[in-house]
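Have a look at structure_29.cif; it's mmCIF, C-alpha atoms:
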data_work
loop_
_atom_site.group_PDB
_atom_site.id
_atom_site.type_symbol
_atom_site.label_atom_id
_atom_site.label_comp_id
_atom_site.auth_asym_id
_atom_site.auth_seq_id
_atom_site.Cartn_x
_atom_site.Cartn_y
_atom_site.Cartn_z
ATOM 1 C CA MET V 9 0.000 0.000 0.000
ATOM 2 C CA THR V 10 2.844 2.419 0.713
ATOM 3 C CA GLN V 11 5.008 1.542 -2.282
ATOM 4 C CA ALA V 12 3.005 3.557 -4.832
ATOM 5 C CA PRO V 13 3.206 6.851 -2.923
ATOM 6 C CA ARG V 14 6.903 6.252 -2.300
ATOM 7 C CA GLY V 15 7.411 5.585 -6.019
ATOM 8 C CA ARG V 16 5.637 8.790 -6.936
ATOM 9 C CA SER V 17 7.710 10.677 -4.380
ATOM 10 C CA ARG V 18 10.918 9.358 -5.911
ATOM 11 C CA ARG V 19 9.757 10.528 -9.346
ATOM 12 C CA VAL V 20 8.588 13.951 -8.171
ATOM 13 C CA ARG V 21 11.747 14.832 -6.244
ATOM 14 C CA PRO V 22 14.079 14.983 -9.286
ATOM 15 C CA VAL V 23 11.549 17.174 -11.122
ATOM 16 C CA LEU V 24 11.308 19.594 -8.217
ATOM 17 C CA ARG V 25 15.091 19.625 -7.931
ATOM 18 C CA THR V 26 15.411 20.468 -11.615
ATOM 19 C CA TYR V 27 12.954 23.353 -11.464
ATOM 20 C CA SER V 28 14.563 24.688 -8.279
ATOM 21 C CA ARG V 29 17.864 24.766 -10.161
ATOM 22 C CA LEU V 30 16.223 26.632 -13.019
ATOM 23 C CA LEU V 31 14.862 29.128 -10.483
ATOM 24 C CA ALA V 32 18.362 29.565 -9.047
ATOM 25 C CA ALA V 33 19.808 29.903 -12.549
ATOM 26 C CA GLY V 34 17.346 32.691 -13.333
ATOM 27 C CA PHE V 35 18.278 34.392 -10.063
ATOM 28 C CA ARG V 36 21.982 34.241 -10.993
ATOM 29 C CA ARG V 37 21.280 35.586 -14.472
ATOM 30 C CA GLY V 38 19.527 38.564 -12.969
ATOM 31 C CA SER V 39 22.531 39.253 -10.751
ATOM 32 C CA ARG V 40 24.797 39.778 -13.777
ATOM 33 C CA TYR V 41 23.263 43.112 -14.678
ATOM 34 C CA ARG V 42 23.984 45.088 -11.539
ATOM 35 C CA LEU V 43 24.725 48.387 -13.271
ATOM 36 C CA ALA V 44 21.416 48.150 -15.142
ATOM 37 C CA ALA V 45 19.711 47.412 -11.818
ATOM 38 C CA PHE V 46 21.253 50.553 -10.321
ATOM 39 C CA GLY V 47 20.033 52.580 -13.290
ATOM 40 C CA GLY V 48 16.590 51.101 -12.777
ATOM 41 C CA LEU V 49 16.678 52.108 -9.107
ATOM 42 C CA VAL V 50 17.512 55.713 -10.030
ATOM 43 C CA ALA V 51 14.665 55.753 -12.564
ATOM 44 C CA ASN V 52 12.240 54.218 -10.066
ATOM 45 C CA ALA V 53 13.083 56.780 -7.403
ATOM 46 C CA THR V 54 12.890 59.704 -9.847
ATOM 47 C CA PHE V 55 9.502 58.746 -11.242
ATOM 48 C CA GLY V 56 8.350 57.892 -7.736
ATOM 49 C CA LEU V 57 8.995 61.461 -6.624
ATOM 50 C CA LEU V 58 7.204 62.806 -9.700
ATOM 51 C CA LYS V 59 4.192 60.624 -8.960
ATOM 52 C CA VAL V 60 4.237 61.800 -5.345
ATOM 53 C CA ALA V 61 3.921 65.399 -6.508
ATOM 54 C CA VAL V 62 1.037 64.641 -8.878
ATOM 55 C CA LEU V 63 -0.970 62.091 -6.882
ATOM 56 C CA PHE V 64 -0.556 63.835 -3.527
ATOM 57 C CA ALA V 65 -2.017 66.931 -5.222
ATOM 58 C CA VAL V 66 -4.967 64.813 -6.373
ATOM 59 C CA VAL V 67 -5.568 63.566 -2.813
ATOM 60 C CA ASP V 68 -5.287 67.105 -1.446
ATOM 61 C CA ALA V 69 -7.692 68.472 -4.060
ATOM 62 C CA ALA V 70 -10.199 65.749 -3.150
ATOM 63 C CA GLY V 71 -10.181 66.843 0.501
ATOM 64 C CA GLY V 72 -7.625 64.366 1.885
ATOM 65 C CA GLU V 73 -9.000 61.140 0.407
ATOM 66 C CA VAL V 74 -9.825 59.870 -3.074
ATOM 67 C CA ALA V 75 -11.282 56.440 -3.890
ATOM 68 C CA GLY V 76 -10.239 55.209 -0.435
ATOM 69 C CA TYR V 77 -6.679 56.521 -0.725
ATOM 70 C CA ASP V 78 -5.359 58.997 1.822
ATOM 71 C CA VAL V 79 -1.788 60.305 1.712
ATOM 72 C CA GLY V 80 -0.333 57.249 3.477
ATOM 73 C CA ALA V 81 -2.113 54.755 1.226
ATOM 74 C CA MET V 82 -1.263 56.729 -1.915
ATOM 75 C CA SER V 83 2.397 56.900 -0.902
ATOM 76 C CA ALA V 84 2.431 53.132 -0.377
ATOM 77 C CA TYR V 85 0.827 52.635 -3.786
ATOM 78 C CA ILE V 86 3.442 54.854 -5.457
ATOM 79 C CA TRP V 87 6.558 53.405 -3.882
ATOM 80 C CA ILE V 88 5.564 49.739 -3.831
ATOM 81 C CA SER V 89 4.421 49.853 -7.455
ATOM 82 C CA GLN V 90 7.652 51.606 -8.447
ATOM 83 C CA GLY V 91 9.636 49.027 -6.496
ATOM 84 C CA LEU V 92 7.946 46.173 -8.332
ATOM 85 C CA LEU V 93 8.729 47.516 -11.800
ATOM 86 C CA GLY V 94 11.934 45.497 -12.048
ATOM 87 C CA SER V 95 10.220 42.273 -10.978
ATOM 88 C CA VAL V 96 6.789 42.360 -12.591
ATOM 89 C CA ASN V 97 7.154 41.899 -16.338
ATOM 90 C CA LEU V 98 5.027 44.589 -17.945
ATOM 91 C CA MET V 99 7.365 44.973 -20.937
ATOM 92 C CA GLY V 100 6.336 41.827 -22.819
ATOM 93 C CA ARG V 101 9.890 40.600 -23.395
ATOM 94 C CA THR V 102 11.203 37.149 -22.493
ATOM 95 C CA ASP V 103 14.083 34.977 -23.685
ATOM 96 C CA ILE V 104 11.857 32.170 -24.948
ATOM 97 C CA ALA V 105 10.409 34.550 -27.575
ATOM 98 C CA GLU V 106 13.774 34.767 -29.319
ATOM 99 C CA ARG V 107 14.200 30.980 -29.173
ATOM 100 C CA ILE V 108 10.826 30.547 -30.844
ATOM 101 C CA ARG V 109 11.680 33.136 -33.499
ATOM 102 C CA THR V 110 14.993 31.474 -34.384
ATOM 103 C CA GLY V 111 13.675 27.917 -34.122
ATOM 104 C CA ASP V 112 16.031 27.027 -31.249
ATOM 105 C CA VAL V 113 12.953 26.028 -29.267
ATOM 106 C CA THR V 114 13.075 22.693 -31.120
ATOM 107 C CA THR V 115 15.972 21.779 -28.821
ATOM 108 C CA ASP V 116 13.840 22.679 -25.789
ATOM 109 C CA PHE V 117 11.124 20.287 -26.936
ATOM 110 C CA LEU V 118 13.644 17.444 -26.958
ATOM 111 C CA ARG V 119 14.483 17.930 -23.285
ATOM 112 C CA PRO V 120 12.589 16.051 -20.559
ATOM 113 C CA LEU V 121 11.111 19.286 -19.228
ATOM 114 C CA ASP V 122 7.925 21.203 -19.827
ATOM 115 C CA VAL V 123 8.933 24.132 -22.074
ATOM 116 C CA GLN V 124 6.399 26.520 -20.573
ATOM 117 C CA ALA V 125 7.181 25.671 -16.949
ATOM 118 C CA ALA V 126 10.952 25.889 -17.526
ATOM 119 C CA ALA V 127 10.685 29.303 -19.202
ATOM 120 C CA VAL V 128 8.349 30.738 -16.554
ATOM 121 C CA VAL V 129 10.339 29.384 -13.586
ATOM 122 C CA GLU V 130 13.601 30.822 -14.924
ATOM 123 C CA ASP V 131 11.952 34.220 -15.516
ATOM 124 C CA VAL V 132 10.542 34.166 -11.983
ATOM 125 C CA GLY V 133 14.040 33.563 -10.608
ATOM 126 C CA LYS V 134 15.383 36.546 -12.523
ATOM 127 C CA SER V 135 12.484 38.694 -11.322
ATOM 128 C CA LEU V 136 13.033 37.724 -7.692
ATOM 129 C CA PHE V 137 16.628 38.941 -7.833
ATOM 130 C CA ALA V 138 15.415 42.365 -9.002
ATOM 131 C CA LEU V 139 13.731 42.841 -5.624
ATOM 132 C CA ILE V 140 17.172 43.140 -4.001
ATOM 133 C CA PRO V 141 18.810 45.965 -5.981
ATOM 134 C CA ARG V 142 15.599 47.713 -7.092
ATOM 135 C CA GLY V 143 12.490 46.698 -5.152
ATOM 136 C CA VAL V 144 13.591 46.955 -1.540
ATOM 137 C CA PRO V 145 15.763 50.098 -2.004
ATOM 138 C CA THR V 146 12.958 51.908 -3.856
ATOM 139 C CA VAL V 147 10.448 51.202 -1.095
ATOM 140 C CA THR V 148 13.044 52.209 1.517
ATOM 141 C CA ILE V 149 13.614 55.542 -0.236
ATOM 142 C CA GLY V 150 9.890 56.219 -0.198
ATOM 143 C CA LEU V 151 9.593 55.200 3.439
ATOM 144 C CA LEU V 152 12.429 57.502 4.519
ATOM 145 C CA LEU V 153 11.546 60.504 2.354
ATOM 146 C CA VAL V 154 7.757 60.457 2.404
ATOM 147 C CA GLY V 155 6.457 57.709 4.690
ATOM 148 C CA MET V 156 3.706 55.238 3.806
ATOM 149 C CA ASP V 157 1.187 52.749 5.092
ATOM 150 C CA GLY V 158 2.255 49.132 5.577
ATOM 151 C CA PRO V 159 0.813 45.631 5.990
ATOM 152 C CA ASP V 160 -1.459 44.969 8.955
ATOM 153 C CA GLY V 161 0.562 42.689 11.256
ATOM 154 C CA PRO V 162 2.363 39.392 10.518
ATOM 155 C CA LEU V 163 -0.624 37.885 8.704
ATOM 156 C CA GLY V 164 -0.846 40.916 6.441
ATOM 157 C CA LEU V 165 2.881 40.651 5.726
ATOM 158 C CA LEU V 166 2.562 36.935 4.941
ATOM 159 C CA LEU V 167 -0.371 37.547 2.588
ATOM 160 C CA GLY V 168 1.589 40.389 1.017
ATOM 161 C CA ALA V 169 4.603 38.170 0.352
ATOM 162 C CA LEU V 170 2.362 35.484 -1.167
ATOM 163 C CA SER V 171 0.537 38.040 -3.300
ATOM 164 C CA LEU V 172 3.878 39.451 -4.460
ATOM 165 C CA LEU V 173 5.146 36.023 -5.527
ATOM 166 C CA LEU V 174 1.879 35.289 -7.320
ATOM 167 C CA GLY V 175 1.969 38.687 -9.055
ATOM 168 C CA ILE V 176 5.458 38.013 -10.394
ATOM 169 C CA THR V 177 4.501 34.509 -11.530
ATOM 170 C CA VAL V 178 1.288 35.649 -13.220
ATOM 171 C CA SER V 179 3.238 38.309 -15.120
ATOM 172 C CA CYS V 180 5.870 35.805 -16.297
ATOM 173 C CA ALA V 181 3.200 33.278 -17.309
ATOM 174 C CA THR V 182 1.237 35.937 -19.214
ATOM 175 C CA VAL V 183 4.318 37.206 -21.046
ATOM 176 C CA TYR V 184 4.918 33.598 -22.099
ATOM 177 C CA LEU V 185 1.616 33.817 -24.012
ATOM 178 C CA VAL V 186 3.034 36.779 -25.947
ATOM 179 C CA ALA V 187 6.165 34.772 -26.724
ATOM 180 C CA VAL V 188 4.324 31.634 -27.828
ATOM 181 C CA ALA V 189 2.380 33.693 -30.373
ATOM 182 C CA GLY V 190 5.671 33.622 -32.296
ATOM 183 C CA PHE V 191 4.703 30.185 -33.615
ATOM 184 C CA TRP V 192 2.105 31.929 -35.808
ATOM 185 C CA MET V 193 3.775 35.316 -36.383
ATOM 186 C CA VAL V 194 6.941 36.158 -38.292
ATOM 187 C CA ASP V 195 7.667 39.011 -35.861
ATOM 188 C CA ASN V 196 5.728 39.524 -32.631
ATOM 189 C CA ARG V 197 7.346 42.807 -31.595
ATOM 190 C CA GLY V 198 4.127 44.661 -32.384
ATOM 191 C CA LEU V 199 2.272 42.336 -30.011
ATOM 192 C CA GLN V 200 4.910 42.998 -27.356
ATOM 193 C CA ILE V 201 4.393 46.750 -27.680
ATOM 194 C CA LEU V 202 0.614 46.321 -27.439
ATOM 195 C CA TYR V 203 1.094 44.163 -24.349
ATOM 196 C CA MET V 204 3.373 46.776 -22.768
ATOM 197 C CA VAL V 205 0.815 49.557 -23.286
ATOM 198 C CA LEU V 206 -2.174 47.572 -22.046
ATOM 199 C CA SER V 207 -0.459 45.836 -19.134
ATOM 200 C CA GLY V 208 1.011 48.994 -17.623
ATOM 201 C CA PHE V 209 -2.300 50.836 -17.797
ATOM 202 C CA LEU V 210 -4.624 48.039 -16.668
ATOM 203 C CA ALA V 211 -2.231 46.745 -13.978
ATOM 204 C CA GLY V 212 -2.424 50.088 -12.187
ATOM 205 C CA LEU V 213 1.080 51.329 -12.911
ATOM 206 C CA PHE V 214 0.183 54.943 -13.643
ATOM 207 C CA VAL V 215 -2.736 55.440 -11.272
ATOM 208 C CA PRO V 216 -4.604 53.010 -8.994
ATOM 209 C CA ILE V 217 -7.350 51.231 -10.893
ATOM 210 C CA ALA V 218 -9.777 52.355 -8.156
ATOM 211 C CA LEU V 219 -9.546 55.812 -9.780
ATOM 212 C CA PHE V 220 -10.763 54.453 -13.125
ATOM 213 C CA PRO V 221 -14.335 55.121 -14.301
ATOM 214 C CA GLY V 222 -16.663 52.240 -13.471
ATOM 215 C CA TRP V 223 -16.642 50.636 -16.922
ATOM 216 C CA LEU V 224 -12.849 50.845 -17.204
ATOM 217 C CA HIS V 225 -12.378 49.497 -13.682
ATOM 218 C CA ALA V 226 -14.577 46.506 -14.566
ATOM 219 C CA THR V 227 -12.600 45.992 -17.780
ATOM 220 C CA ALA V 228 -9.321 45.962 -15.864
ATOM 221 C CA LEU V 229 -10.647 43.426 -13.362
ATOM 222 C CA ALA V 230 -11.637 41.146 -16.254
ATOM 223 C CA THR V 231 -7.945 40.810 -17.188
ATOM 224 C CA PRO V 232 -4.980 39.259 -15.326
ATOM 225 C CA PHE V 233 -3.132 42.581 -15.203
ATOM 226 C CA PRO V 234 -4.328 43.844 -11.775
ATOM 227 C CA SER V 235 -3.173 40.500 -10.325
ATOM 228 C CA MET V 236 0.372 41.410 -11.389
ATOM 229 C CA LEU V 237 0.698 44.805 -9.707
ATOM 230 C CA GLN V 238 -2.403 46.397 -8.188
ATOM 231 C CA PHE V 239 -3.385 43.445 -6.002
ATOM 232 C CA PRO V 240 0.098 42.901 -4.496
ATOM 233 C CA VAL V 241 0.319 46.643 -3.821
ATOM 234 C CA ASP V 242 -3.086 46.683 -2.087
ATOM 235 C CA VAL V 243 -2.145 43.710 0.096
ATOM 236 C CA LEU V 244 1.378 44.901 0.933
ATOM 237 C CA SER V 245 0.192 48.419 1.743
ATOM 238 C CA GLY V 246 -2.498 47.193 4.129
ATOM 239 C CA ARG V 247 -5.201 48.902 2.086
ATOM 240 C CA ALA V 248 -6.939 45.531 1.813
ATOM 241 C CA ASP V 249 -7.974 43.990 5.151
ATOM 242 C CA HIS V 250 -7.123 40.338 5.809
ATOM 243 C CA ALA V 251 -10.349 38.948 4.345
ATOM 244 C CA THR V 252 -10.077 41.093 1.217
ATOM 245 C CA ALA V 253 -6.379 40.296 0.896
ATOM 246 C CA ALA V 254 -7.118 36.559 1.039
ATOM 247 C CA LEU V 255 -9.772 37.017 -1.670
ATOM 248 C CA LEU V 256 -7.299 38.891 -3.873
ATOM 249 C CA VAL V 257 -4.790 36.063 -3.444
ATOM 250 C CA VAL V 258 -7.458 33.545 -4.508
ATOM 251 C CA VAL V 259 -8.172 35.648 -7.605
ATOM 252 C CA GLN V 260 -4.450 35.690 -8.404
ATOM 253 C CA VAL V 261 -4.284 31.913 -8.119
ATOM 254 C CA GLY V 262 -7.288 31.642 -10.439
ATOM 255 C CA TRP V 263 -5.629 33.823 -13.055
ATOM 256 C CA LEU V 264 -2.380 31.866 -12.763
ATOM 257 C CA VAL V 265 -4.215 28.586 -13.390
ATOM 258 C CA ALA V 266 -6.118 30.069 -16.352
ATOM 259 C CA VAL V 267 -3.049 31.631 -17.956
ATOM 260 C CA ALA V 268 -0.958 28.483 -17.402
ATOM 261 C CA ALA V 269 -3.676 26.300 -18.977
ATOM 262 C CA LEU V 270 -3.886 28.589 -22.005
ATOM 263 C CA GLY V 271 -0.106 28.543 -22.277
ATOM 264 C CA GLN V 272 -0.094 24.751 -22.292
ATOM 265 C CA ALA V 273 -2.711 24.638 -25.046
ATOM 266 C CA LEU V 274 -0.852 27.178 -27.178
ATOM 267 C CA THR V 275 2.462 25.384 -26.647
ATOM 268 C CA ARG V 276 1.007 22.078 -27.845
ATOM 269 C CA ALA V 277 -0.579 23.764 -30.856
ATOM 270 C CA GLY V 278 2.657 25.618 -31.612
ATOM 271 C CA ARG V 279 4.659 22.429 -31.423
ATOM 272 C CA ARG V 280 2.342 20.726 -33.902
ATOM 273 C CA ARG V 281 2.666 23.699 -36.253
ATOM 274 C CA LEU V 282 6.453 23.593 -35.920
ATOM 275 C CA GLU V 283 6.547 19.877 -36.750
ATOM 276 C CA VAL V 284 4.266 20.329 -39.779
ATOM 277 C CA GLN V 285 6.568 23.067 -41.070
ATOM 278 C CA GLY V 286 9.554 20.753 -40.693
ATOM 279 C CA GLY V 287 11.044 22.294 -37.533
#
Could you take the file, read its structure, and then write that structure out as C-alpha cells?
Amino acid sequence: MTQAPRGRSRRVRPVLRTYSRLLAAGFRRGSRYRLAAFGGLVANATFGLLKVAVLFAVVDAAGGEVAGYDVGAMSAYIWISQGLLGSVNLMGRTDIAERIRTGDVTTDFLRPLDVQAAAVVEDVGKSLFALIPRGVPTVTIGLLLVGMDGPDGPLGLLLGALSLLLGITVSCATVYLVAVAGFWMVDNRGLQILYMVLSGFLAGLFVPIALFPGWLHATALATPFPSMLQFPVDVLSGRADHATAALLVVVQVGWLVAVAALGQALTRAGRRRLEVQGG
C-alpha cells in the first residue's frame, strides 16, 4: 500500500530539484546586470517622486481622500508599485520569444522538461533577484523621504509576500503567451508593444485602478493585469484587510491557473505547427 506513494515521491523529487535549479539559474542571471539594476533604481526613485507630486495633489484636491486613498495609502501605492517595476514583467519581453523566433525552441522540446514551466520558472528567478537591488531600495527611499502605510501585522505581511510572488509569476506566465504567439507570427514585436501599453495601464502602474471610471475598472478586473501589480500593492500596503487580501490572493491563483492552462494549449498547438513546417 505504501510503495506507490513512495514511487511517486521518488519521481517527483528529481523534477522539483530540476525546477529549483532553473529558479536559481534565473536568479543568478539577474545578478549579472547590476549596473542596469542601479540605473533602474535611479529611474524608479525619480519617477516615484514625480508621482508623489502629482498624486498627492490629487488627494489634497479631493479633501484628503480619493477612492479610499489617503496620503499614506497613496504613498504606499506609489513606492511599492515603483519598487515592483523590475520584478513584474510589464514589458512583454522574455528569452523564450527569441528561441521561438529562431527555431532554437526545437531543442527545448527534446528535453525532458515542460517548455512553458521551464521558461516561466527561470523568468521568476530573474524577477526575484530584481527585488534586491531595485524593489527593496525603492520602497526604503519612499519610506524615509515620504512615509507610507504598511501591511497589517504578521498575517498581512505573509499575505503580502504570497501576493507578491503570485503577481510576479502571473506576469511571467502571461508574457509567455506573448512569446508563444511567435509560432504563428513572423515578428511579434508589435504584439509585445501592445502588451506593454495595455499591461502597464490596466495593472495600475500609472494610477490606482480604483480611480478608473466604473466601466474601465470593470474591464481591468476582467484581465490578469491587476493581479500582477495592483493586487500585491493593495495587500502589501495594508489597504486591503485580511479577508479582502485573502480574496485577492485567490483571484491571483485563479488567473495563474487560467493563464498556465492557455499557455499549455498554445504550446502544444505551436509544437504541432512547428513539426508540420519541418522544424
Please work out which residues fall within 12 Å of (-6.0, 52.5, -11.9), coordinates as given in the file, with all atoms listed in the file counting, and return them as a PDB file with C-alpha atoms, in the coordinates of the input.
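Written out: part_39.pdb:
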ATOM      1  CA  LEU V  63      -0.970  62.091  -6.882  1.00  0.00           C
ATOM      2  CA  ALA V  75     -11.282  56.440  -3.890  1.00  0.00           C
ATOM      3  CA  TYR V  77      -6.679  56.521  -0.725  1.00  0.00           C
ATOM      4  CA  MET V  82      -1.263  56.729  -1.915  1.00  0.00           C
ATOM      5  CA  TYR V  85       0.827  52.635  -3.786  1.00  0.00           C
ATOM      6  CA  ILE V  86       3.442  54.854  -5.457  1.00  0.00           C
ATOM      7  CA  SER V  89       4.421  49.853  -7.455  1.00  0.00           C
ATOM      8  CA  LEU V 206      -2.174  47.572 -22.046  1.00  0.00           C
ATOM      9  CA  SER V 207      -0.459  45.836 -19.134  1.00  0.00           C
ATOM     10  CA  GLY V 208       1.011  48.994 -17.623  1.00  0.00           C
ATOM     11  CA  PHE V 209      -2.300  50.836 -17.797  1.00  0.00           C
ATOM     12  CA  LEU V 210      -4.624  48.039 -16.668  1.00  0.00           C
ATOM     13  CA  ALA V 211      -2.231  46.745 -13.978  1.00  0.00           C
ATOM     14  CA  GLY V 212      -2.424  50.088 -12.187  1.00  0.00           C
ATOM     15  CA  LEU V 213       1.080  51.329 -12.911  1.00  0.00           C
ATOM     16  CA  PHE V 214       0.183  54.943 -13.643  1.00  0.00           C
ATOM     17  CA  VAL V 215      -2.736  55.440 -11.272  1.00  0.00           C
ATOM     18  CA  PRO V 216      -4.604  53.010  -8.994  1.00  0.00           C
ATOM     19  CA  ILE V 217      -7.350  51.231 -10.893  1.00  0.00           C
ATOM     20  CA  ALA V 218      -9.777  52.355  -8.156  1.00  0.00           C
ATOM     21  CA  LEU V 219      -9.546  55.812  -9.780  1.00  0.00           C
ATOM     22  CA  PHE V 220     -10.763  54.453 -13.125  1.00  0.00           C
ATOM     23  CA  PRO V 221     -14.335  55.121 -14.301  1.00  0.00           C
ATOM     24  CA  GLY V 222     -16.663  52.240 -13.471  1.00  0.00           C
ATOM     25  CA  TRP V 223     -16.642  50.636 -16.922  1.00  0.00           C
ATOM     26  CA  LEU V 224     -12.849  50.845 -17.204  1.00  0.00           C
ATOM     27  CA  HIS V 225     -12.378  49.497 -13.682  1.00  0.00           C
ATOM     28  CA  ALA V 226     -14.577  46.506 -14.566  1.00  0.00           C
ATOM     29  CA  THR V 227     -12.600  45.992 -17.780  1.00  0.00           C
ATOM     30  CA  ALA V 228      -9.321  45.962 -15.864  1.00  0.00           C
ATOM     31  CA  LEU V 229     -10.647  43.426 -13.362  1.00  0.00           C
ATOM     32  CA  PHE V 233      -3.132  42.581 -15.203  1.00  0.00           C
ATOM     33  CA  PRO V 234      -4.328  43.844 -11.775  1.00  0.00           C
ATOM     34  CA  LEU V 237       0.698  44.805  -9.707  1.00  0.00           C
ATOM     35  CA  GLN V 238      -2.403  46.397  -8.188  1.00  0.00           C
ATOM     36  CA  PHE V 239      -3.385  43.445  -6.002  1.00  0.00           C
ATOM     37  CA  VAL V 241       0.319  46.643  -3.821  1.00  0.00           C
ATOM     38  CA  ASP V 242      -3.086  46.683  -2.087  1.00  0.00           C
TER      39      ASP V 242
END
Quick one: which residues end up in the PyMOL selection byres ((chain V and resi 275-283) around 12) for this structure, as a CSV table (one decimal) with C-alpha atoms, in the frame of the given file?
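Result went into out.csv, see below:
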chain,number,residue,atom,x,y,z
V,104,ILE,CA,11.9,32.2,-24.9
V,108,ILE,CA,10.8,30.5,-30.8
V,109,ARG,CA,11.7,33.1,-33.5
V,110,THR,CA,15.0,31.5,-34.4
V,111,GLY,CA,13.7,27.9,-34.1
V,112,ASP,CA,16.0,27.0,-31.2
V,113,VAL,CA,13.0,26.0,-29.3
V,114,THR,CA,13.1,22.7,-31.1
V,115,THR,CA,16.0,21.8,-28.8
V,116,ASP,CA,13.8,22.7,-25.8
V,117,PHE,CA,11.1,20.3,-26.9
V,118,LEU,CA,13.6,17.4,-27.0
V,122,ASP,CA,7.9,21.2,-19.8
V,123,VAL,CA,8.9,24.1,-22.1
V,124,GLN,CA,6.4,26.5,-20.6
V,125,ALA,CA,7.2,25.7,-16.9
V,127,ALA,CA,10.7,29.3,-19.2
V,184,TYR,CA,4.9,33.6,-22.1
V,185,LEU,CA,1.6,33.8,-24.0
V,186,VAL,CA,3.0,36.8,-25.9
V,187,ALA,CA,6.2,34.8,-26.7
V,188,VAL,CA,4.3,31.6,-27.8
V,189,ALA,CA,2.4,33.7,-30.4
V,190,GLY,CA,5.7,33.6,-32.3
V,191,PHE,CA,4.7,30.2,-33.6
V,192,TRP,CA,2.1,31.9,-35.8
V,193,MET,CA,3.8,35.3,-36.4
V,268,ALA,CA,-1.0,28.5,-17.4
V,269,ALA,CA,-3.7,26.3,-19.0
V,270,LEU,CA,-3.9,28.6,-22.0
V,271,GLY,CA,-0.1,28.5,-22.3
V,272,GLN,CA,-0.1,24.8,-22.3
V,273,ALA,CA,-2.7,24.6,-25.0
V,274,LEU,CA,-0.9,27.2,-27.2
V,284,VAL,CA,4.3,20.3,-39.8
V,285,GLN,CA,6.6,23.1,-41.1
V,286,GLY,CA,9.6,20.8,-40.7
V,287,GLY,CA,11.0,22.3,-37.5
Exercise. Residues around (-1.4, 58.2, -0.3), cut-off 10 Å, counting all atoms listed in the file - what are they as a ChimeraX atom specification?
Worked result: /V:60,63-64,66-68,72-74,76-87,154-157
Dump of C-alpha atoms for the selected residues, as a CSV table (one decimal), keeping the file's coordinate frame:
chain,number,residue,atom,x,y,z
V,60,VAL,CA,4.2,61.8,-5.3
V,63,LEU,CA,-1.0,62.1,-6.9
V,64,PHE,CA,-0.6,63.8,-3.5
V,66,VAL,CA,-5.0,64.8,-6.4
V,67,VAL,CA,-5.6,63.6,-2.8
V,68,ASP,CA,-5.3,67.1,-1.4
V,72,GLY,CA,-7.6,64.4,1.9
V,73,GLU,CA,-9.0,61.1,0.4
V,74,VAL,CA,-9.8,59.9,-3.1
V,76,GLY,CA,-10.2,55.2,-0.4
V,77,TYR,CA,-6.7,56.5,-0.7
V,78,ASP,CA,-5.4,59.0,1.8
V,79,VAL,CA,-1.8,60.3,1.7
V,80,GLY,CA,-0.3,57.2,3.5
V,81,ALA,CA,-2.1,54.8,1.2
V,82,MET,CA,-1.3,56.7,-1.9
V,83,SER,CA,2.4,56.9,-0.9
V,84,ALA,CA,2.4,53.1,-0.4
V,85,TYR,CA,0.8,52.6,-3.8
V,86,ILE,CA,3.4,54.9,-5.5
V,87,TRP,CA,6.6,53.4,-3.9
V,154,VAL,CA,7.8,60.5,2.4
V,155,GLY,CA,6.5,57.7,4.7
V,156,MET,CA,3.7,55.2,3.8
V,157,ASP,CA,1.2,52.7,5.1
For this session: Figure out the distance between atom CA of Pro162 of chain V and atom CA of Val144 of chain V, please, to one decimal in Å.
Result: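 Pair atom CA of Val144 of chain V / atom CA of Pro162 of chain V returns 18.1 Å.
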For this session: Could you check how far atom CA of Ile88 of chain V sits from atom CA of Gly143 of chain V, in Å to one decimal?
Result: 7.7 Å
Problem set entry | Given only C-alpha atoms as the counted atoms, nearest of V:Val96, V:Leu30, V:Ala105, V:Ile149 to Ser179 of chain V |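 Checking each candidate against Ser179 of chain V, we get V:Val96 as the closest.
Of note, atom CA of Val259 of chain V and atom CA of Ser235 of chain V are spaced 7.5 Å apart.
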For this session: Go through V:Pro141, V:Gly168, V:Gly198, V:Leu152 and flag the residue nearest Gly47 of chain V, using all atoms listed in the file for the distances.
Result: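 Checking each of V:Pro141, V:Gly168, V:Gly198, V:Leu152 against Gly47 of chain V, counting all atoms listed in the file, the winner is V:Pro141.
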For this session: Go through V:Met204, V:Ala266, V:Leu163, V:Leu92 and flag the residue nearest Thr231 of chain V, using only C-alpha atoms for the distances.
Result: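 Ranked by minimum distance to Thr231 of chain V, first place goes to V:Ala266.
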For this session: Considering all atoms listed in the file, state which residue in the set V:Val267, V:Ala44, V:Cys180, V:Leu167 is at the smallest distance from Met236 of chain V.
Result: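 When distances to Met236 of chain V are compared using all atoms listed in the file, the smallest one comes from V:Cys180.
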Exercise. So which residues touch Ala53 of chain V within 8 Å, counting only C-alpha atoms, skipping near sequence neighbours fewer than 4 positions away, as a VMD selection string?
Worked result: chain V and resid 49 57 90 146 149 to 150
Problem set entry | Which of V:Arg197, V:Arg247, V:Arg37, V:Lys59 sits closest to Asp131 of chain V [using all atoms listed in the file] |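 Among V:Arg197, V:Arg247, V:Arg37, V:Lys59, it is V:Arg37 that comes nearest to Asp131 of chain V.
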Place N, CA and C atoms on segment 249-254 of chain V and deliver the coordinates as an mmCIF file, in the frame of the given file.
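As a result, result_13.cif now contains:
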data_model
loop_
_atom_site.group_PDB
_atom_site.id
_atom_site.type_symbol
_atom_site.label_atom_id
_atom_site.label_comp_id
_atom_site.auth_asym_id
_atom_site.auth_seq_id
_atom_site.Cartn_x
_atom_site.Cartn_y
_atom_site.Cartn_z
ATOM 1 N N ASP V 249 -7.993 44.702 3.876
ATOM 2 C CA ASP V 249 -7.974 43.990 5.151
ATOM 3 C C ASP V 249 -7.692 42.510 4.894
ATOM 4 N N HIS V 250 -7.550 41.724 5.966
ATOM 5 C CA HIS V 250 -7.123 40.338 5.809
ATOM 6 C C HIS V 250 -8.082 39.523 4.943
ATOM 7 N N ALA V 251 -9.370 39.710 5.129
ATOM 8 C CA ALA V 251 -10.349 38.948 4.345
ATOM 9 C C ALA V 251 -10.267 39.333 2.875
ATOM 10 N N THR V 252 -10.184 40.636 2.604
ATOM 11 C CA THR V 252 -10.077 41.093 1.217
ATOM 12 C C THR V 252 -8.766 40.652 0.595
ATOM 13 N N ALA V 253 -7.691 40.722 1.396
ATOM 14 C CA ALA V 253 -6.379 40.296 0.896
ATOM 15 C C ALA V 253 -6.397 38.821 0.515
ATOM 16 N N ALA V 254 -7.019 37.988 1.347
ATOM 17 C CA ALA V 254 -7.118 36.559 1.039
ATOM 18 C C ALA V 254 -7.917 36.337 -0.250
#
